[in-house]
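Q: Below: one structure in structure tokens.
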Amino acid sequence: MGYACSRCGRKVKLIDQFIRCTYCGSRVLIKERPNIAREISTD
Ligand SMILES: [Zn+2]
């Protein structure tokens with residue numbers, strides 16, 4: 001599971017404990033969830 005920058009939207013790799021976007025410098029990251037889509041029955 002990785003992280004994505006909330007500002008520029010790029011994927012960010014975690015280097016040790018330094019959680020920061022290496023592109024724009026934002027520290028606000030969003031956890032990427034592998035399974036977000038769910039099958040929803042409308043019936
Ligand atoms: Zn960024």
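Ligands are numbered from 1 in the order shown, residues from 1 within each chain, and chains are lettered A, B, ... in the order they appear in the structure tokens.
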Return as an MDAnalysis selection string every polymer residue, whether protein, DNA or RNA, with at least one atom no more than 12 Å from an atom of ligand 1; count only C-alpha atoms and all ligand atoms.
A: chainID A and resid 3:13 19:30
Q: Could you save those same residues with N, CA and C atoms as a compact mmCIF listing (two decimals), in the first residue's frame?
A:
# COMPACT_ATOMS: atom_id res chain seq x y z
N TYR A 3 1.29 5.72 -0.83
CA TYR A 3 0.68 7.00 -0.49
C TYR A 3 0.65 7.91 -1.71
N ALA A 4 -0.29 8.78 -1.72
CA ALA A 4 -0.39 9.75 -2.80
C ALA A 4 -0.45 11.15 -2.20
N CYS A 5 0.20 12.08 -2.84
CA CYS A 5 0.20 13.45 -2.37
C CYS A 5 -1.17 14.07 -2.59
N SER A 6 -1.66 14.77 -1.59
CA SER A 6 -2.99 15.37 -1.71
C SER A 6 -2.93 16.66 -2.52
N ARG A 7 -1.73 17.19 -2.72
CA ARG A 7 -1.61 18.46 -3.43
C ARG A 7 -1.41 18.23 -4.93
N CYS A 8 -0.41 17.42 -5.26
CA CYS A 8 -0.09 17.24 -6.68
C CYS A 8 -0.58 15.88 -7.19
N GLY A 9 -0.95 15.00 -6.28
CA GLY A 9 -1.54 13.74 -6.69
C GLY A 9 -0.55 12.68 -7.11
N ARG A 10 0.73 12.96 -6.98
CA ARG A 10 1.74 11.98 -7.35
C ARG A 10 1.89 10.92 -6.26
N LYS A 11 2.34 9.76 -6.71
CA LYS A 11 2.59 8.70 -5.74
C LYS A 11 3.89 8.99 -5.00
N VAL A 12 3.85 8.78 -3.71
CA VAL A 12 4.99 9.10 -2.87
C VAL A 12 5.48 7.84 -2.18
N LYS A 13 6.76 7.63 -2.25
CA LYS A 13 7.34 6.51 -1.52
C LYS A 13 7.82 6.99 -0.15
N ILE A 19 7.92 11.39 5.84
CA ILE A 19 6.74 11.31 5.01
C ILE A 19 6.50 12.67 4.39
N ARG A 20 6.94 12.80 3.15
CA ARG A 20 6.78 14.08 2.48
C ARG A 20 6.83 13.86 0.98
N CYS A 21 6.04 14.64 0.27
CA CYS A 21 6.07 14.55 -1.17
C CYS A 21 7.40 15.08 -1.68
N THR A 22 8.07 14.29 -2.51
CA THR A 22 9.37 14.71 -3.02
C THR A 22 9.23 15.65 -4.21
N TYR A 23 8.01 15.87 -4.67
CA TYR A 23 7.79 16.71 -5.84
C TYR A 23 7.42 18.14 -5.45
N CYS A 24 6.44 18.28 -4.55
CA CYS A 24 5.99 19.62 -4.18
C CYS A 24 6.30 19.94 -2.73
N GLY A 25 6.72 18.93 -1.97
CA GLY A 25 7.12 19.19 -0.59
C GLY A 25 5.97 19.14 0.40
N SER A 26 4.78 18.77 -0.07
CA SER A 26 3.63 18.71 0.81
C SER A 26 3.75 17.53 1.77
N ARG A 27 3.31 17.75 2.99
CA ARG A 27 3.33 16.66 3.96
C ARG A 27 1.98 15.99 4.09
N VAL A 28 1.02 16.47 3.35
CA VAL A 28 -0.32 15.89 3.41
C VAL A 28 -0.43 14.80 2.37
N LEU A 29 -0.47 13.58 2.85
CA LEU A 29 -0.55 12.45 1.95
C LEU A 29 -1.80 11.65 2.21
N ILE A 30 -2.24 10.97 1.17
CA ILE A 30 -3.43 10.16 1.28
C ILE A 30 -3.05 8.69 1.11
Q: Met1 of chain A: which residues within 8 Å, counting only C-alpha atoms, same-chain residues fewer than 2 positions away excluded, as a VMD selection string?
A: chain A and resid 3 31 to 34
